[in-house]
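Q: Take a look at entry00.cif, mmCIF, C-alpha atoms:
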data_start
loop_
_atom_site.label_atom_id
_atom_site.label_comp_id
_atom_site.auth_asym_id
_atom_site.auth_seq_id
_atom_site.Cartn_x
_atom_site.Cartn_y
_atom_site.Cartn_z
CA MET F 1 -37.79 -63.48 18.85
CA GLY F 2 -38.72 -60.58 16.67
CA ASP F 3 -37.52 -58.43 13.85
CA ILE F 4 -34.39 -56.42 14.54
CA SER F 5 -33.52 -53.76 12.03
CA LEU F 6 -30.23 -51.94 11.67
CA THR F 7 -28.24 -50.36 8.87
CA ILE F 8 -25.02 -52.11 7.94
CA ASN F 9 -22.72 -50.31 5.48
CA GLY F 10 -25.66 -48.24 4.29
CA LYS F 11 -27.99 -51.17 3.73
CA VAL F 12 -30.97 -51.81 6.00
CA GLU F 13 -30.86 -55.33 7.41
CA THR F 14 -34.00 -56.64 9.03
CA HIS F 15 -33.95 -60.14 10.45
CA ASP F 16 -36.02 -62.19 12.82
CA VAL F 17 -33.56 -63.19 15.55
CA GLY F 18 -33.64 -63.99 19.24
CA ASP F 19 -33.15 -61.15 21.70
CA ASN F 20 -29.98 -62.90 22.86
CA THR F 21 -28.34 -62.65 19.42
CA LEU F 22 -24.98 -60.91 19.48
CA LEU F 23 -24.29 -58.13 17.01
CA VAL F 24 -21.34 -60.06 15.57
CA ASP F 25 -23.56 -63.06 14.82
CA PHE F 26 -26.18 -60.80 13.26
CA ILE F 27 -23.49 -59.31 11.01
CA ARG F 28 -21.92 -62.64 10.05
CA GLU F 29 -24.85 -65.04 9.99
CA LYS F 30 -27.74 -62.82 8.96
CA ALA F 31 -26.14 -60.08 6.89
CA GLY F 32 -23.56 -62.54 5.53
CA LEU F 33 -20.65 -60.20 6.14
CA THR F 34 -17.88 -62.43 7.37
CA GLY F 35 -15.09 -59.86 7.31
CA THR F 36 -15.87 -59.15 10.96
CA HIS F 37 -14.15 -61.98 12.82
CA ILE F 38 -14.80 -63.77 16.07
CA GLY F 39 -11.47 -64.35 17.76
CA CYS F 40 -11.70 -64.84 21.49
CA ASP F 41 -15.42 -64.24 21.97
CA THR F 42 -14.57 -62.85 25.42
CA SER F 43 -14.18 -59.12 24.62
CA GLN F 44 -10.40 -59.28 24.72
CA CYS F 45 -9.02 -59.64 21.23
CA GLY F 46 -10.78 -57.03 19.10
CA ALA F 47 -11.09 -59.14 15.93
CA CYS F 48 -14.80 -58.24 15.93
CA VAL F 49 -14.42 -54.46 16.12
CA VAL F 50 -16.95 -52.54 14.03
CA HIS F 51 -18.14 -48.95 14.14
CA LEU F 52 -21.51 -48.40 15.78
CA ASP F 53 -22.83 -44.92 15.05
CA GLY F 54 -19.27 -43.88 14.37
CA VAL F 55 -17.51 -45.31 17.41
CA SER F 56 -15.53 -48.51 17.62
CA VAL F 57 -17.10 -51.34 19.59
CA LYS F 58 -16.54 -55.04 20.10
CA ALA F 59 -19.44 -56.66 18.26
CA CYS F 60 -19.15 -59.85 20.35
CA THR F 61 -20.10 -57.90 23.46
CA ILE F 62 -23.20 -56.12 22.23
CA LEU F 63 -26.61 -57.57 21.52
CA ALA F 64 -27.99 -56.97 18.06
CA ALA F 65 -31.05 -55.59 19.86
CA GLN F 66 -28.91 -52.90 21.50
CA ALA F 67 -27.81 -51.79 18.04
CA ALA F 68 -31.33 -51.69 16.60
CA GLY F 69 -31.88 -48.52 14.60
CA SER F 70 -28.15 -47.76 14.54
CA GLU F 71 -25.66 -47.43 11.70
CA VAL F 72 -23.00 -50.11 11.68
CA THR F 73 -19.88 -50.00 9.53
CA THR F 74 -17.88 -53.17 9.04
CA ILE F 75 -14.60 -53.78 7.23
CA GLU F 76 -16.61 -54.43 4.04
CA GLY F 77 -18.06 -50.94 4.32
CA ILE F 78 -14.82 -48.97 4.20
CA GLY F 79 -13.37 -50.14 0.90
CA SER F 80 -13.35 -52.94 -1.64
CA SER F 81 -10.63 -55.17 -3.08
CA ASP F 82 -10.53 -52.88 -6.12
CA SER F 83 -10.45 -49.75 -4.07
CA LEU F 84 -8.92 -50.19 -0.66
CA HIS F 85 -9.40 -47.73 2.16
CA PRO F 86 -6.16 -45.74 2.74
CA MET F 87 -5.72 -47.52 6.07
CA GLN F 88 -6.02 -50.89 4.33
CA GLU F 89 -3.46 -49.77 1.74
CA ALA F 90 -1.12 -48.75 4.54
CA PHE F 91 -1.45 -52.18 6.18
CA GLN F 92 -0.68 -53.82 2.82
CA GLU F 93 2.32 -51.63 2.07
CA ASN F 94 3.83 -51.87 5.55
CA HIS F 95 3.37 -55.59 6.02
CA GLY F 96 0.91 -54.80 8.81
CA LEU F 97 -0.55 -58.29 8.70
CA GLN F 98 0.73 -61.80 8.80
CA CYS F 99 -2.08 -64.34 9.11
CA GLY F 100 -4.60 -61.52 8.72
CA PHE F 101 -7.12 -62.73 11.28
CA CYS F 102 -6.89 -59.69 13.53
CA THR F 103 -6.64 -57.25 10.62
CA PRO F 104 -10.31 -56.27 10.18
CA GLY F 105 -10.52 -55.28 13.83
CA MET F 106 -7.12 -53.59 13.75
CA VAL F 107 -8.12 -51.51 10.74
CA MET F 108 -11.48 -50.49 12.25
CA SER F 109 -9.82 -49.50 15.54
CA ALA F 110 -7.03 -47.70 13.69
CA ILE F 111 -9.46 -45.61 11.63
CA GLU F 112 -11.18 -44.36 14.76
CA LEU F 113 -7.84 -43.81 16.49
CA VAL F 114 -6.38 -41.58 13.77
CA SER F 115 -9.63 -39.74 13.15
CA LYS F 116 -9.56 -38.69 16.82
CA ASN F 117 -5.83 -38.02 16.93
CA LYS F 118 -4.27 -37.40 13.55
CA ASN F 119 -0.75 -36.95 14.89
CA ALA F 120 -0.81 -39.92 17.22
CA SER F 121 2.64 -40.84 18.51
CA GLU F 122 3.88 -44.40 18.54
CA LYS F 123 2.94 -44.66 22.22
CA GLU F 124 -0.52 -43.27 21.59
CA ILE F 125 -1.04 -45.76 18.77
CA ARG F 126 0.09 -48.65 20.96
CA ASP F 127 -2.19 -47.47 23.77
CA GLY F 128 -5.04 -46.93 21.33
CA LEU F 129 -4.73 -50.47 20.02
CA GLU F 130 -4.76 -52.00 23.49
CA GLY F 131 -8.07 -53.68 22.73
CA ASN F 132 -6.74 -55.47 19.64
CA ILE F 133 -4.55 -58.52 19.96
CA CYS F 134 -2.39 -59.87 17.12
CA ARG F 135 -1.55 -63.50 17.81
CA CYS F 136 1.25 -63.36 15.23
CA THR F 137 2.63 -60.56 17.45
CA GLY F 138 3.21 -58.36 14.42
CA TYR F 139 2.68 -55.18 16.37
CA HIS F 140 5.70 -53.31 15.13
CA ASN F 141 4.50 -53.21 11.54
CA ILE F 142 0.92 -52.62 12.63
CA VAL F 143 2.03 -49.45 14.39
CA LYS F 144 3.97 -48.42 11.28
CA SER F 145 0.87 -49.10 9.18
CA VAL F 146 -1.34 -46.97 11.39
CA LYS F 147 1.11 -44.08 11.19
CA ALA F 148 1.27 -44.39 7.41
CA GLY F 149 -2.51 -44.79 7.25
CA ALA F 150 -3.00 -41.55 9.15
CA GLU F 151 -0.88 -39.72 6.60
CA LYS F 152 -2.67 -41.33 3.67
CA MET F 153 -6.07 -40.47 5.11
CA GLY F 154 -4.93 -36.89 5.38
CA VAL F 155 -6.99 -36.45 8.49
CA MET I 1 -26.23 -67.35 26.18
CA TYR I 2 -29.56 -68.47 27.55
CA SER I 3 -32.64 -67.15 25.88
CA THR I 4 -33.83 -63.84 27.29
CA LYS I 5 -36.09 -60.91 26.53
CA TYR I 6 -34.81 -57.42 25.72
CA VAL I 7 -36.63 -54.17 26.33
CA LYS I 8 -35.46 -50.58 26.03
CA PRO I 9 -37.67 -48.14 27.94
CA ASN I 10 -37.45 -44.38 27.49
CA SER I 11 -37.47 -43.28 31.13
CA THR I 12 -36.51 -44.47 34.60
CA PRO I 13 -40.17 -45.00 35.68
CA GLU I 14 -40.75 -47.14 32.58
CA ALA I 15 -37.57 -49.09 33.33
CA LEU I 16 -38.80 -49.76 36.88
CA GLU I 17 -42.15 -50.95 35.52
CA ALA I 18 -40.35 -53.23 33.08
CA ILE I 19 -38.12 -54.79 35.73
CA LYS I 20 -41.14 -55.42 37.99
CA SER I 21 -42.81 -57.42 35.24
CA LEU I 22 -39.86 -59.82 35.18
CA SER I 23 -39.10 -62.43 37.80
CA GLU I 24 -35.32 -62.19 37.51
CA GLY I 25 -34.73 -59.20 35.29
CA LYS I 26 -31.46 -57.32 35.04
CA PHE I 27 -30.75 -53.72 34.17
CA LEU I 28 -28.41 -53.45 31.21
CA ALA I 29 -26.15 -50.38 31.10
CA GLY I 30 -23.06 -50.60 28.87
CA GLY I 31 -23.01 -54.38 29.12
CA MET I 32 -19.23 -54.67 29.32
CA THR I 33 -19.53 -57.04 32.29
CA LEU I 34 -23.10 -58.25 31.98
CA ILE I 35 -22.93 -59.47 28.37
CA PRO I 36 -19.75 -61.56 28.96
CA THR I 37 -21.41 -62.93 32.11
CA LEU I 38 -24.46 -63.96 30.09
CA LYS I 39 -22.30 -65.47 27.37
CA GLN I 40 -20.61 -67.67 29.94
CA ARG I 41 -24.04 -68.68 31.23
CA LEU I 42 -23.16 -67.44 34.69
CA ALA I 43 -26.50 -65.65 34.83
CA SER I 44 -29.86 -66.36 33.25
CA PRO I 45 -32.14 -63.35 33.64
CA ASP I 46 -35.58 -63.74 32.07
CA GLY I 47 -35.26 -60.24 30.72
CA LEU I 48 -32.84 -57.37 30.17
CA VAL I 49 -33.96 -53.79 30.69
CA ASP I 50 -31.64 -51.55 28.68
CA ILE I 51 -31.48 -48.17 30.42
CA SER I 52 -29.44 -46.42 27.72
CA GLY I 53 -32.56 -44.62 26.48
CA CYS I 54 -33.47 -43.15 29.87
CA ASN I 55 -31.51 -39.88 29.50
CA LEU I 56 -29.10 -40.61 32.30
CA ASP I 57 -25.98 -39.30 30.64
CA THR I 58 -25.63 -35.63 31.50
CA ILE I 59 -22.54 -34.24 33.20
CA ALA I 60 -22.93 -31.00 35.15
CA ASP I 61 -20.89 -28.77 37.42
CA GLU I 62 -23.00 -28.07 40.50
CA GLY I 63 -20.56 -25.90 42.43
CA GLU I 64 -19.24 -28.03 45.28
CA THR I 65 -19.73 -31.20 43.26
CA ILE I 66 -19.89 -32.48 39.74
CA LYS I 67 -22.84 -34.65 38.92
CA ILE I 68 -22.35 -37.40 36.36
CA GLY I 69 -25.24 -39.32 34.87
CA ALA I 70 -25.04 -43.07 35.49
CA MET I 71 -25.14 -43.89 31.78
CA SER I 72 -22.17 -41.66 30.99
CA ARG I 73 -19.73 -43.78 29.02
CA HIS I 74 -16.12 -43.89 30.23
CA VAL I 75 -15.07 -42.07 27.06
CA SER I 76 -17.53 -39.24 27.81
CA VAL I 77 -16.15 -38.79 31.32
CA ALA I 78 -12.57 -38.96 30.01
CA GLU I 79 -13.26 -36.28 27.40
CA SER I 80 -15.68 -34.10 29.39
CA PRO I 81 -14.42 -30.50 29.72
CA VAL I 82 -16.42 -30.22 32.98
CA VAL I 83 -14.71 -33.24 34.55
CA LYS I 84 -11.28 -32.33 33.16
CA LYS I 85 -11.53 -28.88 34.70
CA ALA I 86 -13.01 -29.77 38.09
CA ILE I 87 -11.48 -33.19 38.82
CA PRO I 88 -8.87 -34.00 36.16
CA THR I 89 -7.87 -37.18 37.97
CA LEU I 90 -11.38 -38.55 37.48
CA ALA I 91 -11.12 -37.94 33.74
CA SER I 92 -7.77 -39.71 33.55
CA LEU I 93 -9.08 -42.60 35.67
CA ALA I 94 -11.86 -43.04 33.09
CA GLU I 95 -9.28 -42.84 30.28
CA GLY I 96 -7.38 -45.71 31.89
CA ILE I 97 -10.23 -48.21 32.12
CA GLY I 98 -10.06 -51.25 29.84
CA ASP I 99 -9.43 -50.42 26.20
CA ARG I 100 -10.89 -47.91 23.77
CA GLN I 101 -13.80 -50.16 22.76
CA VAL I 102 -14.70 -50.88 26.39
CA ARG I 103 -14.57 -47.17 27.18
CA ASN I 104 -16.88 -46.45 24.25
CA ARG I 105 -19.56 -48.64 25.84
CA GLY I 106 -18.90 -49.08 29.57
CA THR I 107 -20.65 -46.73 31.98
CA LEU I 108 -20.05 -45.13 35.37
CA GLY I 109 -23.29 -46.49 36.83
CA GLY I 110 -22.67 -49.99 35.54
CA SER I 111 -19.20 -50.13 37.03
CA VAL I 112 -20.30 -48.78 40.40
CA ALA I 113 -23.40 -50.99 40.63
CA ASN I 114 -21.34 -54.06 39.77
CA ASN I 115 -18.64 -53.19 42.35
CA ASP I 116 -16.01 -55.44 40.86
CA PRO I 117 -13.18 -55.63 43.43
CA SER I 118 -10.69 -54.62 40.71
CA ALA I 119 -12.72 -51.85 39.09
CA CYS I 120 -11.31 -48.31 39.13
CA TYR I 121 -14.45 -46.22 39.62
CA PRO I 122 -15.46 -47.46 43.10
CA SER I 123 -12.22 -45.99 44.49
CA ALA I 124 -13.12 -42.58 43.05
CA VAL I 125 -16.63 -42.77 44.50
CA LEU I 126 -15.26 -43.59 47.94
CA ALA I 127 -12.32 -41.17 47.97
CA LEU I 128 -14.26 -38.25 46.48
CA LYS I 129 -17.03 -38.46 49.12
CA ALA I 130 -19.51 -39.12 46.37
CA THR I 131 -23.25 -39.46 46.75
CA VAL I 132 -25.01 -42.10 44.70
CA HIS I 133 -28.43 -40.90 43.58
CA THR I 134 -30.93 -43.62 42.73
CA ASN I 135 -34.54 -43.46 41.63
CA SER I 136 -35.62 -43.50 45.29
CA ARG I 137 -32.84 -42.10 47.50
CA SER I 138 -29.34 -40.73 47.86
CA ILE I 139 -26.68 -42.98 49.34
CA ALA I 140 -23.36 -41.76 50.77
CA ALA I 141 -20.32 -43.54 49.31
CA ASP I 142 -19.33 -44.76 52.78
CA ASP I 143 -22.64 -46.67 52.99
CA PHE I 144 -22.79 -47.80 49.38
CA PHE I 145 -20.15 -50.51 48.94
CA THR I 146 -21.01 -53.43 51.19
CA GLY I 147 -18.68 -56.18 49.94
CA MET I 148 -17.18 -57.78 46.86
CA PHE I 149 -19.76 -57.36 44.06
CA GLU I 150 -22.20 -56.17 46.73
CA THR I 151 -23.77 -52.75 47.17
CA ALA I 152 -26.56 -51.13 49.17
CA LEU I 153 -28.76 -51.12 46.04
CA GLU I 154 -32.08 -52.92 46.25
CA GLU I 155 -33.06 -55.36 43.50
CA ASP I 156 -35.20 -52.88 41.59
CA GLU I 157 -33.18 -49.74 42.15
CA ILE I 158 -31.48 -47.75 39.40
CA ILE I 159 -28.50 -45.48 39.88
CA GLU I 160 -29.42 -42.25 38.10
CA SER I 161 -26.33 -40.19 38.80
CA ILE I 162 -23.35 -39.78 41.08
CA SER I 163 -22.17 -36.50 42.63
CA PHE I 164 -18.43 -36.26 43.25
CA SER I 165 -17.08 -33.67 45.70
CA LYS I 166 -14.37 -31.45 44.29
CA PRO I 167 -11.14 -32.03 46.16
CA THR I 168 -8.37 -29.47 46.58
CA LYS I 169 -5.99 -32.14 45.27
CA ALA I 170 -6.45 -35.68 44.04
CA ASN I 171 -4.64 -38.42 42.23
CA TYR I 172 -5.29 -42.00 41.17
CA VAL I 173 -2.48 -44.44 40.54
CA LYS I 174 -2.96 -48.09 39.68
CA PHE I 175 -0.71 -51.05 39.13
CA PRO I 176 -2.41 -52.84 36.27
CA ASN I 177 -2.25 -56.55 35.84
CA PRO I 178 0.02 -56.88 32.80
CA ALA I 179 -2.42 -59.20 31.01
CA SER I 180 -5.92 -58.10 31.97
CA ARG I 181 -5.07 -54.46 32.71
CA TYR I 182 -7.40 -54.60 35.69
CA ALA I 183 -6.02 -52.88 38.78
CA MET I 184 -4.04 -55.32 40.90
CA VAL I 185 -3.94 -52.38 43.26
CA GLY I 186 -5.34 -48.94 42.60
CA VAL I 187 -5.17 -46.07 45.08
CA PHE I 188 -7.27 -42.92 44.90
CA VAL I 189 -6.04 -40.16 47.17
CA ALA I 190 -8.21 -37.05 47.64
CA LYS I 191 -7.40 -34.05 49.77
CA PHE I 192 -10.19 -31.96 51.25
CA GLY I 193 -10.17 -29.05 53.68
CA GLU I 194 -11.10 -31.36 56.55
CA GLY I 195 -8.64 -34.14 55.72
CA VAL I 196 -7.43 -36.70 53.23
CA ARG I 197 -9.34 -39.73 51.99
CA VAL I 198 -7.54 -42.78 50.60
CA ALA I 199 -9.53 -45.47 48.79
CA VAL I 200 -7.95 -48.73 47.68
CA THR I 201 -9.29 -50.96 44.92
CA GLY I 202 -8.09 -54.28 43.54
CA ALA I 203 -6.73 -55.43 46.88
CA GLY I 204 -9.46 -56.00 49.45
CA GLU I 205 -11.26 -59.29 49.94
CA GLY I 206 -14.35 -57.20 50.65
CA GLY I 207 -13.86 -54.96 47.63
CA VAL I 208 -12.93 -51.29 47.69
CA PHE I 209 -12.04 -49.85 51.10
CA ARG I 210 -10.69 -46.73 52.81
CA HIS I 211 -7.26 -46.96 54.35
CA LYS I 212 -7.70 -45.12 57.65
CA GLU I 213 -4.06 -45.35 58.76
CA MET I 214 -2.80 -43.68 55.60
CA GLU I 215 -5.60 -41.13 55.78
CA THR I 216 -4.47 -40.14 59.27
CA ALA I 217 -0.84 -39.92 58.23
CA LEU I 218 -1.58 -37.88 55.11
CA SER I 219 -4.07 -35.62 56.87
CA SER I 220 -1.34 -34.48 59.26
CA ASN I 221 1.37 -34.30 56.61
CA TYR I 222 0.47 -34.54 52.92
CA SER I 223 3.71 -36.00 51.62
CA SER I 224 5.00 -39.42 50.67
CA ASP I 225 7.53 -39.17 53.52
CA SER I 226 4.73 -39.45 56.05
CA LEU I 227 3.98 -42.94 54.71
CA SER I 228 7.52 -44.29 54.98
CA SER I 229 7.25 -45.51 58.54
CA LEU I 230 3.81 -47.08 58.04
CA ASN I 231 3.57 -50.83 58.06
CA ILE I 232 0.69 -51.85 55.76
CA ALA I 233 -1.03 -54.97 57.08
CA SER I 234 -1.86 -57.73 54.62
CA ASP I 235 -4.88 -58.95 56.63
CA GLY I 236 -8.01 -59.05 54.52
CA LEU I 237 -6.16 -58.54 51.26
CA ILE I 238 -6.67 -60.70 48.19
CA SER I 239 -4.16 -63.45 47.57
CA ASP I 240 -4.36 -65.08 44.14
CA LEU I 241 -2.18 -66.32 41.30
CA HIS I 242 -1.37 -62.75 40.32
CA ALA I 243 -0.12 -61.54 43.67
CA SER I 244 0.05 -62.55 47.32
CA ALA I 245 -1.61 -60.47 50.01
CA GLU I 246 1.83 -59.32 51.19
CA TYR I 247 2.76 -58.16 47.69
CA ARG I 248 -0.51 -56.28 47.42
CA ALA I 249 0.13 -54.65 50.82
CA ASN I 250 3.43 -53.39 49.50
CA LEU I 251 1.77 -52.16 46.31
CA ILE I 252 -0.79 -50.23 48.33
CA LYS I 253 1.98 -48.27 50.02
CA GLU I 254 3.91 -47.81 46.80
CA MET I 255 0.89 -46.67 44.75
CA THR I 256 -0.12 -44.26 47.52
CA LYS I 257 3.38 -42.78 47.61
CA ARG I 258 3.22 -42.26 43.85
CA ALA I 259 -0.24 -40.73 44.14
CA VAL I 260 0.85 -38.17 46.71
CA VAL I 261 2.60 -35.52 44.68
#
What's the structure tokens form of this structure?
A:
Amino acid sequence: MGDISLTINGKVETHDVGDNTLLVDFIREKAGLTGTHIGCDTSQCGACVVHLDGVSVKACTILAAQAAGSEVTTIEGIGSSDSLHPMQEAFQENHGLQCGFCTPGMVMSAIELVSKNKNASEKEIRDGLEGNICRCTGYHNIVKSVKAGAEKMGV
Amino acid sequence: MYSTKYVKPNSTPEALEAIKSLSEGKFLAGGMTLIPTLKQRLASPDGLVDISGCNLDTIADEGETIKIGAMSRHVSVAESPVVKKAIPTLASLAEGIGDRQVRNRGTLGGSVANNDPSACYPSAVLALKATVHTNSRSIAADDFFTGMFETALEEDEIIESISFSKPTKANYVKFPNPASRYAMVGVFVAKFGEGVRVAVTGAGEGGVFRHKEMETALSSNYSSDSLSSLNIASDGLISDLHASAEYRANLIKEMTKRAVV
């Protein structure tokens, strides 16, 4: 046990947790940010994807201790319900979600994907989202959303 | 996950000190295998020594070889101009591991030290006549992999870097499991002045191995035609719910043919 300190969406979060605490539990249980989901808990589904120092990671497969001192961005950090992130808008407009459970992870992965490759083709988007599973199987509209999101972001 | 202790030293000597102070400590690299293993309670180390702060992530062209730091993430190898120029196949192998998020965290050293029988990197190490540099010695690839999940590494030994020989030609082709994307069979073919090396992953009961018969055939004639008459034995190959040993034997030949271009 001991204090672990990291910055989540610009706010320093310091909590006394066990060294075996996962980043996703730190985010949800300690910082109270439940937008980051736990889907499979086995590194497959990508519902827990957040950005760690600017790169997408699966928060269920990293210890909070490994992220100490880092900057974490979660789905709550990219926009708000009054002012959605362009990628979130694109998901809304293109029916890129059905049940919505995978959406936070999809959006976080998509933002990294298009910021690295602004003109990503459909194949590149599908490959880039390999680590995110949609159990509603709504992939077609997710891909459309990511394409539209890239345009909206103007990256 | 069982309770454990986490430390993050700033150098290899400090990491070695830290592991000695534990009774069953584990080095933690990218954690893409170790953390899931801990979560399933398949291991219960009394401490984790995170080596990501030990400056083991440089990639350098050293003439005959390229030397890649053990903590280089898959994404760094995939995007490295040095690797892309000298051994483009190695960069594309790294680009094909897992998914984006796994590549952002997973490391060369972690993959090689773990020696998963379906991992991609061990085939590159073996085919590219690599040398594994640890804190105490240098180990030739041919002596490094000793069995499924087994290597020549001692308990308290850290891989610091791996030097890959530059081939005149090389290619890696895998047949990914449609669900897990792990290689059901992956074949790394590398051509050198003195001959061809063929390393097969995903298929052997003892982990990655060199296919001497195909090496001989390709060394005398580097074309897929030279493989046509070969009969690939299924002895010692993995048979599981994904594929029988016979099917894997056929895949080995097929992947090798595709790799030889």
Q: Between I:Gly109, I:Gly202, I:Gly47, I:Gly147, which residue has the minimum interatomic distance to chain F, considering all atoms listed in the file?
A: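 Ranked by minimum distance to chain F, first place goes to I:Gly47.
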Q: Please identify all polymer residues within 6 Å of Val72 in chain F, counting all atoms listed in the file, omitting same-chain residues fewer than 2 positions from it, and present them as JSON, numbers by chain.
A: {"F": [7, 8, 51, 52]}
Q: Could you work out which residues of chain F fall inside 12 Å of chain I? Count only C-alpha atoms, and format the result as a count of residues only.
A: 57
Q: Write out as JSON, numbers by chain the residues lying within 8 Å of Met255 in chain I, counting all atoms listed in the file and excluding same-chain residues fewer than 5 positions away.
A: {"I": [173, 174, 175, 185, 186, 187]}
Q: Using only C-alpha atoms, collect all residues at a distance of at most 10 Å from (-13.2, -30.8, 46.6) as written in the file, then present them as a list in words.
A: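 The residues near that point, listed by chain and number, are Gly63, Glu64, Thr65, Ile66, Ala86, Ile87, Leu128, Lys129, Phe164, Ser165, Lys166, Pro167, Thr168, Lys169, Ala170, Ala190, Lys191, Phe192 and Gly193 of chain I.
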Q: Would you list the contacts of Ala199 in chain I as a PyMOL selection string, taking every protein, DNA or RNA residue within 6 Å and counting all atoms listed in the file, but skipping same-chain residues closer than 3 positions in sequence?
A: chain I and resi 123+127+187-188+209-210
